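Q: For reference, the file run_37.txt (compact mmCIF, C-alpha atoms and all ligand atoms) is included below:
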```txt
# COMPACT_ATOMS: atom_id res chain seq x y z
CA MET A 484 87.53 112.08 83.07
CA GLN A 485 90.44 111.72 85.46
CA ASN A 486 90.18 108.79 87.91
CA PHE A 487 90.46 109.82 91.52
CA THR A 488 89.43 108.99 95.08
CA PHE A 489 88.38 111.68 97.57
CA SER A 490 87.82 111.14 101.30
CA THR A 491 87.01 113.47 104.15
CA THR A 492 85.62 113.65 107.67
CA LYS A 493 82.12 112.20 107.73
CA THR A 494 80.32 114.84 109.78
CA ILE A 495 81.13 118.55 109.79
CA VAL A 496 79.23 120.81 112.18
CA CYS A 497 79.82 124.54 111.68
CA GLU A 498 78.06 126.94 114.03
CA ALA A 499 79.02 129.89 116.21
CA GLY A 500 78.66 128.67 119.81
CA ALA A 501 78.59 124.98 118.84
CA ALA A 502 81.32 124.10 121.36
CA ARG A 503 78.63 124.35 124.06
CA LEU A 504 77.06 121.25 122.49
CA LEU A 505 80.20 119.15 122.79
CA ALA A 506 78.91 116.98 125.66
CA GLU A 507 75.71 116.26 123.71
CA SER A 508 77.74 115.28 120.66
CA CYS A 509 79.79 112.85 122.75
CA ARG A 510 76.64 111.39 124.29
CA ALA A 511 75.13 111.01 120.80
CA ALA A 512 78.25 109.09 119.76
CA GLY A 513 77.47 106.61 122.54
CA ALA A 514 80.49 107.34 124.75
CA GLY A 515 80.35 107.22 128.56
CA ARG A 516 83.96 108.22 129.27
CA VAL A 517 85.64 110.90 127.18
CA LEU A 518 89.24 112.10 127.15
CA LEU A 519 89.64 115.68 125.91
CA VAL A 520 93.15 116.38 124.60
CA THR A 521 94.22 120.03 124.70
CA ASP A 522 97.03 122.38 125.78
CA ALA A 523 97.55 124.75 128.69
CA GLY A 524 97.18 127.84 126.47
CA ILE A 525 93.66 126.77 125.52
CA LEU A 526 92.71 126.23 129.17
CA ASN A 527 94.22 129.57 130.24
CA ALA A 528 92.40 131.36 127.44
CA GLY A 529 89.15 130.08 129.00
CA LEU A 530 88.09 128.23 125.86
CA LEU A 531 86.72 125.31 127.86
CA ASP A 532 84.61 127.53 130.12
CA GLY A 533 81.56 127.22 127.92
CA VAL A 534 82.14 123.53 127.30
CA LEU A 535 82.54 122.03 130.75
CA PRO A 536 79.05 122.85 132.16
CA GLY A 537 77.56 120.59 129.48
CA PHE A 538 79.62 117.70 130.80
CA ASP A 539 78.74 118.59 134.42
CA ARG A 540 75.05 118.36 133.55
CA SER A 541 75.48 115.00 131.84
CA ASP A 542 76.37 111.59 133.22
CA LEU A 543 79.51 111.51 131.07
CA ARG A 544 82.88 111.11 132.71
CA LEU A 545 85.33 113.64 131.27
CA GLY A 546 89.11 113.48 131.61
CA ILE A 547 91.26 116.39 130.43
CA PHE A 548 94.82 115.93 129.18
CA ASP A 549 96.21 119.47 128.87
CA ARG A 550 99.93 118.80 128.47
CA VAL A 551 100.23 119.01 124.69
CA GLU A 552 103.05 121.32 123.55
CA ALA A 553 103.59 122.95 120.14
CA ASP A 554 105.09 120.39 117.74
CA PRO A 555 104.09 117.59 120.14
CA SER A 556 106.63 114.92 121.02
CA SER A 557 106.25 111.15 121.12
CA ALA A 558 106.61 111.34 124.93
CA THR A 559 103.53 113.58 125.06
CA VAL A 560 101.58 111.09 122.96
CA GLU A 561 102.59 108.28 125.32
CA ALA A 562 101.54 110.34 128.36
CA ALA A 563 98.15 111.09 126.78
CA VAL A 564 97.64 107.41 125.92
CA HIS A 565 98.37 106.59 129.54
CA ALA A 566 95.72 109.11 130.66
CA ALA A 567 93.19 107.65 128.20
CA ARG A 568 93.80 104.09 129.43
CA ALA A 569 93.61 105.17 133.09
CA LEU A 570 90.21 106.75 132.38
CA GLY A 571 89.03 103.81 130.30
CA ALA A 572 88.24 106.35 127.57
CA GLU A 573 85.61 105.33 125.03
CA MET A 574 85.98 108.46 122.93
CA ILE A 575 88.71 111.03 122.23
CA VAL A 576 88.13 114.75 121.64
CA GLY A 577 90.93 116.89 120.21
CA PHE A 578 90.39 120.52 121.28
CA GLY A 579 92.94 123.06 120.08
CA GLY A 580 95.27 123.74 117.20
CA GLY A 581 96.99 121.13 115.09
CA SER A 582 99.18 120.07 118.01
CA ALA A 583 96.28 118.98 120.25
CA MET A 584 94.27 117.49 117.37
CA ASP A 585 97.25 115.47 116.10
CA VAL A 586 97.91 114.00 119.54
CA ALA A 587 94.20 113.17 119.89
CA LYS A 588 94.30 111.23 116.62
CA VAL A 589 97.16 109.01 117.68
CA VAL A 590 95.68 108.50 121.17
CA ALA A 591 92.43 107.32 119.57
CA VAL A 592 94.42 104.53 117.91
CA LEU A 593 96.78 103.54 120.72
CA ALA A 594 94.21 103.72 123.54
CA HIS A 595 91.78 101.36 121.82
CA PRO A 596 91.56 98.20 123.95
CA ASP A 597 92.33 96.00 120.92
CA CYS A 598 95.39 97.96 119.76
CA ARG A 599 98.47 95.76 119.57
CA GLN A 600 100.76 98.33 117.93
CA SER A 601 103.31 100.65 119.54
CA LEU A 602 103.70 104.31 118.59
CA ASP A 603 106.94 103.54 116.72
CA GLU A 604 105.07 101.12 114.48
CA LEU A 605 102.59 103.77 113.34
CA TYR A 606 104.96 106.17 111.51
CA GLY A 607 104.87 106.37 107.75
CA VAL A 608 102.06 105.87 105.27
CA GLY A 609 99.43 103.17 105.81
CA SER A 610 101.03 101.52 108.88
CA ILE A 611 98.00 101.58 111.22
CA CYS A 612 96.02 98.35 111.50
CA GLY A 613 93.10 99.88 113.41
CA PRO A 614 90.53 99.97 114.95
CA ARG A 615 90.46 103.21 116.95
CA LEU A 616 88.20 104.99 119.44
CA PRO A 617 85.59 107.46 118.12
CA LEU A 618 87.31 110.78 117.39
CA LEU A 619 85.83 114.28 117.39
CA GLN A 620 87.96 117.35 116.63
CA VAL A 621 87.36 120.97 117.64
CA PRO A 622 89.87 123.29 115.93
CA THR A 623 90.74 126.53 117.74
CA THR A 624 93.16 127.82 115.09
CA ALA A 625 92.24 128.40 111.44
CA GLY A 626 95.30 126.67 110.12
CA THR A 627 96.21 123.01 109.97
CA GLY A 628 92.85 121.57 108.90
CA SER A 629 93.81 118.53 111.00
CA GLU A 630 90.08 118.07 111.75
CA VAL A 631 89.67 116.79 108.17
CA THR A 632 93.04 115.16 107.44
CA PRO A 633 94.21 111.54 107.95
CA ILE A 634 97.58 112.86 109.15
CA ALA A 635 99.32 113.42 112.49
CA ILE A 636 102.73 115.08 112.81
CA ILE A 637 104.78 114.06 115.84
CA THR A 638 108.29 115.17 116.81
CA THR A 639 110.50 112.13 117.31
CA GLY A 640 113.89 112.31 119.03
CA LYS A 641 114.85 115.94 119.54
CA THR A 642 114.39 117.45 116.12
CA THR A 643 112.65 115.27 113.53
CA LYS A 644 109.02 115.84 112.61
CA ALA A 645 107.59 112.54 111.45
CA GLY A 646 104.23 111.94 109.82
CA ILE A 647 101.67 109.24 110.48
CA VAL A 648 99.32 108.97 107.52
CA SER A 649 96.44 106.51 107.55
CA PRO A 650 92.71 106.45 106.77
CA HIS A 651 92.27 105.33 110.41
CA LEU A 652 93.31 108.85 111.50
CA GLN A 653 90.51 110.55 109.59
CA PRO A 654 88.33 112.02 112.37
CA ASP A 655 84.63 111.06 112.60
CA THR A 656 83.41 114.57 113.35
CA ALA A 657 84.75 118.12 112.98
CA LEU A 658 83.01 120.70 115.13
CA LEU A 659 83.78 124.23 113.96
CA ASP A 660 82.94 127.08 116.31
CA PRO A 661 84.41 130.40 115.13
CA GLN A 662 83.74 131.98 118.53
CA LEU A 663 86.61 129.87 119.88
CA THR A 664 89.04 131.68 117.57
CA LEU A 665 88.07 135.28 118.50
CA GLY A 666 90.90 135.56 121.03
CA LEU A 667 93.61 133.93 118.92
CA PRO A 668 96.57 136.36 119.14
CA PRO A 669 97.43 138.30 115.93
CA LYS A 670 100.78 136.56 115.28
CA VAL A 671 99.22 133.09 115.71
CA THR A 672 96.26 134.09 113.53
CA ALA A 673 98.63 135.28 110.80
CA ALA A 674 101.00 132.31 110.90
CA THR A 675 98.29 129.63 111.09
CA GLY A 676 96.37 131.41 108.31
CA ILE A 677 99.46 131.34 106.06
CA ASP A 678 99.80 127.61 106.85
CA ALA A 679 96.26 127.09 105.54
CA MET A 680 97.04 129.13 102.42
CA VAL A 681 100.12 126.97 101.82
CA HIS A 682 97.96 123.84 102.13
CA ALA A 683 95.73 125.18 99.36
CA ILE A 684 98.61 126.31 97.10
CA GLU A 685 100.54 123.04 97.49
CA ALA A 686 97.39 120.92 96.98
CA TYR A 687 96.69 122.82 93.75
CA THR A 688 100.16 122.03 92.38
CA SER A 689 100.53 118.55 93.95
CA ALA A 690 102.31 116.30 91.46
CA HIS A 691 100.32 113.06 91.65
CA LYS A 692 96.92 113.17 93.36
CA LYS A 693 95.56 116.59 92.46
CA ASN A 694 91.98 116.09 91.26
CA PRO A 695 88.86 118.13 90.39
CA VAL A 696 87.50 118.09 93.96
CA SER A 697 90.81 119.02 95.62
CA ASP A 698 91.25 121.78 93.00
CA MET A 699 87.80 123.20 93.68
CA LEU A 700 88.42 123.18 97.43
CA ALA A 701 91.92 124.67 97.11
CA ARG A 702 90.67 127.54 94.97
CA GLU A 703 87.77 128.41 97.29
CA ALA A 704 90.03 128.00 100.33
CA LEU A 705 92.52 130.50 98.92
CA ARG A 706 89.80 132.97 98.03
CA LEU A 707 88.39 132.87 101.59
CA LEU A 708 91.76 132.88 103.33
CA ALA A 709 93.33 135.65 101.23
CA GLY A 710 90.20 137.79 101.59
CA ASN A 711 89.98 137.51 105.37
CA ILE A 712 93.44 136.93 106.85
CA ALA A 713 94.22 140.64 107.30
CA ASN A 714 90.92 141.38 109.04
CA ALA A 715 91.17 138.31 111.26
CA THR A 716 94.72 139.29 112.23
CA HIS A 717 94.18 143.00 112.84
CA ARG A 718 90.55 142.89 114.06
CA GLY A 719 90.46 139.65 115.98
CA ASP A 720 86.87 140.11 117.15
CA ASP A 721 85.50 140.16 113.58
CA LEU A 722 83.33 137.04 113.78
CA ASN A 723 82.66 137.00 110.06
CA ALA A 724 86.38 137.08 109.18
CA ARG A 725 87.03 134.39 111.82
CA SER A 726 84.26 132.19 110.37
CA GLN A 727 85.58 132.56 106.82
CA MET A 728 89.10 131.70 107.99
CA LEU A 729 87.90 128.56 109.77
CA LEU A 730 85.99 127.48 106.68
CA GLY A 731 88.94 128.30 104.43
CA ALA A 732 91.29 126.24 106.62
CA LEU A 733 88.80 123.35 106.52
CA TYR A 734 88.58 123.45 102.70
CA ALA A 735 92.37 123.65 102.44
CA GLY A 736 92.66 120.66 104.79
CA GLN A 737 90.19 118.68 102.69
CA ALA A 738 92.20 119.57 99.58
CA PHE A 739 95.64 118.59 100.85
CA ALA A 740 94.32 115.48 102.63
CA ASN A 741 93.69 114.19 99.10
CA ALA A 742 96.36 116.06 97.11
CA PRO A 743 99.33 116.15 99.49
CA VAL A 744 101.58 119.09 100.32
CA ALA A 745 105.15 119.34 99.08
CA ALA A 746 108.43 121.30 99.29
CA VAL A 747 107.19 124.27 101.36
CA HIS A 748 106.28 121.84 104.13
CA ALA A 749 109.39 119.68 103.59
CA LEU A 750 111.64 122.70 104.09
CA ALA A 751 109.52 124.10 106.92
CA TYR A 752 109.73 120.97 109.11
CA PRO A 753 113.47 121.20 109.96
CA LEU A 754 112.92 124.84 111.02
CA GLY A 755 110.34 123.63 113.53
CA GLY A 756 112.50 120.69 114.58
CA TYR A 757 115.75 122.61 115.21
CA PHE A 758 114.63 126.13 116.03
CA HIS A 759 111.09 125.61 117.37
CA ILE A 760 109.75 128.13 114.89
CA PRO A 761 105.95 127.63 114.87
CA HIS A 762 104.67 125.54 111.96
CA GLY A 763 102.81 128.34 110.16
CA LEU A 764 105.74 130.77 110.47
CA SER A 765 108.17 128.11 109.21
CA ASN A 766 106.01 127.74 106.12
CA SER A 767 105.72 131.50 105.68
CA LEU A 768 109.52 131.96 105.82
CA VAL A 769 110.24 129.60 102.92
CA LEU A 770 106.99 130.08 100.92
CA PRO A 771 108.02 132.84 98.45
CA HIS A 772 111.38 131.21 97.80
CA VAL A 773 109.93 127.75 97.11
CA LEU A 774 107.33 129.25 94.77
CA ARG A 775 110.08 131.12 92.88
CA PHE A 776 112.02 127.84 92.59
CA ASN A 777 108.90 125.97 91.42
CA ALA A 778 107.84 128.63 88.92
CA SER A 779 109.59 127.05 85.94
CA ALA A 780 107.37 123.96 86.39
CA ALA A 781 104.21 125.32 88.00
CA ALA A 782 103.72 128.84 86.60
CA PRO A 783 100.52 127.95 84.67
CA LEU A 784 98.89 126.72 87.90
CA TYR A 785 100.18 129.57 90.05
CA ALA A 786 98.83 131.96 87.39
CA GLU A 787 95.34 130.45 87.86
CA LEU A 788 95.55 131.13 91.60
CA ALA A 789 96.84 134.71 91.33
CA PRO A 790 93.47 136.41 90.59
CA LEU A 791 91.72 134.46 93.39
CA VAL A 792 94.25 135.66 95.91
CA MET A 793 94.62 139.21 94.66
CA GLY A 794 90.88 139.87 94.57
CA GLY A 795 89.93 142.93 92.52
CA GLN A 796 93.53 143.80 91.62
CA CYS A 797 94.27 143.42 87.92
CA VAL A 798 96.47 140.41 87.18
CA THR A 799 97.94 140.51 83.68
CA GLY A 800 100.68 139.08 81.49
CA SER A 801 102.16 135.65 80.84
CA PRO A 802 101.85 132.81 83.37
CA GLN A 803 105.37 133.67 84.55
CA GLN A 804 104.41 137.32 85.07
CA LYS A 805 101.22 136.37 86.93
CA THR A 806 103.26 134.01 89.10
CA GLY A 807 105.61 136.89 89.87
CA GLN A 808 102.66 139.05 90.91
CA LEU A 809 101.32 136.25 93.14
CA ILE A 810 104.69 135.86 94.88
CA ASP A 811 105.08 139.64 95.32
CA TRP A 812 101.57 139.82 96.78
CA LEU A 813 102.32 137.01 99.24
CA GLU A 814 105.58 138.70 100.29
CA SER A 815 103.80 141.98 101.03
CA LEU A 816 101.02 140.11 102.86
CA ILE A 817 103.59 138.50 105.17
CA VAL A 818 105.02 141.94 106.00
CA GLU A 819 101.54 143.49 106.43
CA LEU A 820 100.59 140.73 108.87
CA GLY A 821 103.62 141.57 111.00
CA LEU A 822 105.42 138.27 110.50
CA PRO A 823 109.22 138.15 110.18
CA SER A 824 110.29 137.29 106.65
CA ARG A 825 113.94 136.22 107.05
CA LEU A 826 115.39 133.15 108.74
CA ARG A 827 118.09 135.31 110.37
CA ASP A 828 115.34 137.19 112.24
CA CYS A 829 114.05 133.93 113.76
CA GLY A 830 117.21 132.66 115.45
CA VAL A 831 118.58 130.71 112.48
CA THR A 832 122.33 131.10 111.87
CA GLU A 833 123.92 130.74 108.45
CA ASP A 834 126.19 127.86 109.44
CA ARG A 835 123.11 125.70 110.15
CA LEU A 836 121.67 125.97 106.63
CA PRO A 837 123.49 122.87 105.24
CA GLN A 838 122.11 120.78 108.13
CA LEU A 839 118.60 122.06 107.41
CA ALA A 840 118.98 121.15 103.73
CA GLU A 841 120.22 117.67 104.62
CA ASP A 842 117.23 117.16 106.92
CA ALA A 843 114.71 118.50 104.41
CA MET A 844 115.84 115.73 102.06
CA GLN A 845 114.52 113.20 104.60
CA GLN A 846 110.98 114.44 103.90
CA GLN A 847 110.65 112.42 100.69
CA ARG A 848 107.00 111.66 101.59
CA LEU A 849 106.38 115.34 100.82
CA LEU A 850 109.06 116.10 98.23
CA VAL A 851 107.64 113.55 95.78
CA ASN A 852 104.55 115.77 95.53
CA ASN A 853 106.49 118.87 94.49
CA PRO A 854 105.91 120.08 90.93
CA ARG A 855 109.71 120.36 90.46
CA ALA A 856 112.32 117.87 91.74
CA VAL A 857 114.31 119.28 94.69
CA THR A 858 117.95 118.26 95.27
CA GLU A 859 119.88 118.96 98.46
CA ALA A 860 121.73 121.74 96.61
CA ASP A 861 118.36 123.25 95.61
CA ALA A 862 117.12 123.08 99.21
CA LEU A 863 120.28 124.84 100.40
CA ALA A 864 119.84 127.55 97.77
CA ILE A 865 116.23 128.08 98.90
CA TYR A 866 117.30 128.35 102.56
CA ARG A 867 120.03 130.82 101.53
CA ALA A 868 117.48 132.92 99.66
CA ALA A 869 115.22 132.85 102.75
CA PHE A 870 118.11 133.67 105.10
N1 LIG B 901 97.55 116.91 110.91
C1 LIG B 901 97.72 117.75 109.94
O1 LIG B 901 97.14 117.58 108.88
C2 LIG B 901 98.62 118.91 110.12
C3 LIG B 901 98.75 119.87 109.12
C4 LIG B 901 99.59 120.97 109.34
C5 LIG B 901 100.27 121.08 110.54
N2 LIG B 901 100.15 120.12 111.49
C6 LIG B 901 100.85 120.21 112.80
O2 LIG B 901 100.05 121.02 113.66
C7 LIG B 901 100.90 121.68 114.62
C8 LIG B 901 100.66 123.19 114.55
O3 LIG B 901 99.31 123.47 114.87
P1 LIG B 901 98.80 124.99 115.00
O4 LIG B 901 99.53 125.80 113.98
O5 LIG B 901 97.34 124.96 114.95
O6 LIG B 901 99.35 125.49 116.40
P2 LIG B 901 99.30 124.82 117.87
O7 LIG B 901 98.27 123.79 117.98
O8 LIG B 901 100.72 124.39 118.19
O9 LIG B 901 98.89 126.07 118.78
C9 LIG B 901 99.73 127.22 118.83
C10 LIG B 901 99.46 128.03 120.09
O10 LIG B 901 98.21 128.71 119.96
C11 LIG B 901 97.46 128.59 121.14
N3 LIG B 901 96.05 128.64 120.77
C12 LIG B 901 95.40 127.80 119.93
N4 LIG B 901 94.15 128.19 119.74
C13 LIG B 901 93.97 129.31 120.49
C14 LIG B 901 92.86 130.20 120.68
N5 LIG B 901 91.72 130.02 120.04
N6 LIG B 901 93.02 131.25 121.51
C15 LIG B 901 94.21 131.47 122.13
N7 LIG B 901 95.31 130.67 121.96
C16 LIG B 901 95.17 129.61 121.15
C17 LIG B 901 97.87 127.28 121.74
O11 LIG B 901 97.67 127.26 123.14
C18 LIG B 901 99.35 127.22 121.38
O12 LIG B 901 100.13 127.87 122.35
C19 LIG B 901 102.32 121.33 114.22
O13 LIG B 901 102.78 120.26 115.02
C20 LIG B 901 102.19 120.91 112.77
O14 LIG B 901 103.23 120.05 112.34
C21 LIG B 901 99.32 119.06 111.30
FE FE B 902 100.85 122.81 107.37
```
With the file now loaded, output its structure as structure tokens.

A:
Amino acid sequence: MQNFTFSTTKTIVCEAGAARLLAESCRAAGAGRVLLVTDAGILNAGLLDGVLPGFDRSDLRLGIFDRVEADPSSATVEAAVHAARALGAEMIVGFGGGSAMDVAKVVAVLAHPDCRQSLDELYGVGSICGPRLPLLQVPTTAGTGSEVTPIAIITTGKTTKAGIVSPHLQPDTALLDPQLTLGLPPKVTAATGIDAMVHAIEAYTSAHKKNPVSDMLAREALRLLAGNIANATHRGDDLNARSQMLLGALYAGQAFANAPVAAVHALAYPLGGYFHIPHGLSNSLVLPHVLRFNASAAAPLYAELAPLVMGGQCVTGSPQQKTGQLIDWLESLIVELGLPSRLRDCGVTEDRLPQLAEDAMQQQRLLVNNPRAVTEADALAIYRAAF
């Protein structure tokens, strides 16, 4: 049997309406002062309305940091750490999409009274010394799976998305409440759902750490996500579709937390950094083209995924032919979901492609996991195909 190690978030609570129990969960964790990290969109959507009365009824002191932006910057992390220290926070709650949850993770480390590290010292793999404050995550998108990953992605400088990867970032608790996602707008539902599908696909073909548990999770994630993304996007109030998407994103997060993502993400990051294209859409724009590039190395694995994704449709032929059917299906899904499919339709100009390719090469942490080696010339060719 293959040797492997698998880790995930210790406690996972999944229940429609569970967000109402957030204060009780914090009290059970022994915290007296809690900082909730979120963004203005979440507040304006009223997602905290059912949560706050629980805190009012308790003797907990709650601070809210609501200034997280999409692709959060290091300055935002510093501001949130400042808020946590001012409150004397004993516990951090991330409440939102990947952006809010990622900031919450880093705050839980830096706001611990015994932390002697600066934010700059945390970047990279395995740089955090620990300890950190207790950390509970409430996802409101079915996308990043950040509630079960030991990863935070922060934008440094103006354009670079840098990863912090450490077991210390693995949250203690993930609280999944599908009711929170009922009002997620169609475009965000579609893009974040594609992000989750990419997590599953890239975990399944990850070059080094793919293992039986990550494979099992990736396959089930894809089945759930592919089967429900259209309903969740076009009929946002379908609680069942929303629940399946949240579960699918969780499984995909568990898979790629242990079998890391690769070239789709490496090429997506510069699109977010330079053009502020949302993370899920960045992935969606390069996905078919990276899969086509990878096919010569990964076709047997893609062929195993094709029938899971395409449901009842008949998938036949050689691994290469099945891979072709998978890619065609994904391309039509992207159109059906109403997402743009070309870089030129998202504000990217052709003269910027070489810069994007040069920057993608900086994401070696991810590129080493790709089933096929990617040179800068390859990255440029993929961007040209996506243009
Ligand atoms: N840590 C990880 O493992 C990991 C994995 C993938 C991506 N990421 C990072 O996560 C970030 C992207 O996260 P995301 O795609 O979840 O988007 P996001 O957190 O940036 O949120 C996108 C928008 O959706 C809004 N929103 C979120 N939930 C809502 C809801 N239920 N109803 C209405 N509006 C809602 C937010 O207000 C925001 O404006 C990027 O920075 C990306 O790099 C992290
Ligand atoms: Fe992602």

Q: Report as a list in words all protein, DNA and RNA residues lying within 9 Å of A:Leu593, evaluated on all atoms listed in the file, omitting residues in the same chain fewer than 4 positions from it.

A: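 Within the cut-off, the hits are Glu561, Val564, Val589, Asp597, Cys598, Arg599, Gln600, Ser601, Leu602, Gly613, Arg615 and Leu616 of chain A.
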
Q: Ligand FE 902 (chain B): which residues are within 7 Å, counting only C-alpha atoms and all ligand atoms? Reply as a VMD selection string.

A: chain A and resid 627 678 to 679 681 to 682 748 762 to 763

Q: Give the residues close to ligand LIG 901 (chain B), within 7 Å, counting all atoms listed in the file; write them as a ChimeraX atom specification.

A: /A:522-525,528,552-555,579-583,585,623-624,626-629,632-637,663-668,671,675,736,761-763

Q: Could you give me, as an NGL selection string, the residues within 12 Å of A:Val608, counting all atoms listed in the file and dropping anything in the same chain fewer than 5 positions from it?

A: :A and (633-636 or 645-652 or 847-849)

Q: Enter the distance from atom CA of A:Val744 to atom CA of A:Val857, in Å, rounded to one decimal.

A: 13.9 Å

Q: List the spatial neighbours of A:Val792 as a list in words - criterion: any atom at most 10 Å away, all atoms listed in the file, same-chain residues fewer than 5 positions off excluded.

A: Met680, Arg702, Glu703, Ala704, Leu705, Arg706, Leu707, Leu708, Ala709, Gly710, Glu787, Leu809, Trp812 and Leu813 of chain A

Q: Box for stretch 663-680 of chain A - axis-aligned, 5 Å on each of the six sides, all listed atoms - centre and size in Å to one decimal, as AutoDock Vina command-line options.

A:
```
--center_x 93.8 --center_y 132.7 --center_z 111.7 --size_x 24.4 --size_y 21.2 --size_z 28.6
```

Q: Kindly add N, CA and C atoms to the incomplete stretch 498-514 of chain A and provide the output as a short mmCIF file (atom, residue, chain, number, x, y, z; two decimals), in the frame of the given file.

A:
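Once everything was written out, this is part_28.cif:
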```
data_model
loop_
_atom_site.label_atom_id
_atom_site.label_comp_id
_atom_site.auth_asym_id
_atom_site.auth_seq_id
_atom_site.Cartn_x
_atom_site.Cartn_y
_atom_site.Cartn_z
N GLU A 498 79.07 126.07 113.40
CA GLU A 498 78.06 126.94 114.03
C GLU A 498 78.72 127.76 115.13
N ALA A 499 78.49 129.07 115.12
CA ALA A 499 79.02 129.89 116.21
C ALA A 499 78.37 129.43 117.51
N GLY A 500 79.17 129.12 118.52
CA GLY A 500 78.66 128.67 119.81
C GLY A 500 78.49 127.16 119.91
N ALA A 501 78.85 126.43 118.85
CA ALA A 501 78.59 124.98 118.84
C ALA A 501 79.40 124.21 119.88
N ALA A 502 80.50 124.82 120.37
CA ALA A 502 81.32 124.10 121.36
C ALA A 502 80.50 123.78 122.61
N ARG A 503 79.49 124.60 122.88
CA ARG A 503 78.63 124.35 124.06
C ARG A 503 77.91 123.00 123.95
N LEU A 504 77.79 122.50 122.72
CA LEU A 504 77.06 121.25 122.49
C LEU A 504 77.97 120.03 122.49
N LEU A 505 79.23 120.24 122.90
CA LEU A 505 80.20 119.15 122.79
C LEU A 505 79.76 117.91 123.59
N ALA A 506 79.30 118.12 124.83
CA ALA A 506 78.91 116.98 125.66
C ALA A 506 77.78 116.19 124.97
N GLU A 507 76.82 116.94 124.41
CA GLU A 507 75.71 116.26 123.71
C GLU A 507 76.21 115.45 122.53
N SER A 508 77.19 116.00 121.81
CA SER A 508 77.74 115.28 120.66
C SER A 508 78.42 113.98 121.11
N CYS A 509 79.11 114.06 122.24
CA CYS A 509 79.79 112.85 122.75
C CYS A 509 78.75 111.82 123.19
N ARG A 510 77.70 112.29 123.84
CA ARG A 510 76.64 111.39 124.29
C ARG A 510 75.98 110.73 123.06
N ALA A 511 75.76 111.53 122.03
CA ALA A 511 75.13 111.01 120.80
C ALA A 511 76.01 109.95 120.15
N ALA A 512 77.33 110.07 120.34
CA ALA A 512 78.25 109.09 119.76
C ALA A 512 78.28 107.81 120.59
N GLY A 513 77.60 107.82 121.73
CA GLY A 513 77.47 106.61 122.54
C GLY A 513 78.57 106.43 123.57
N ALA A 514 79.37 107.48 123.81
CA ALA A 514 80.49 107.34 124.75
C ALA A 514 80.03 107.64 126.18
#
```
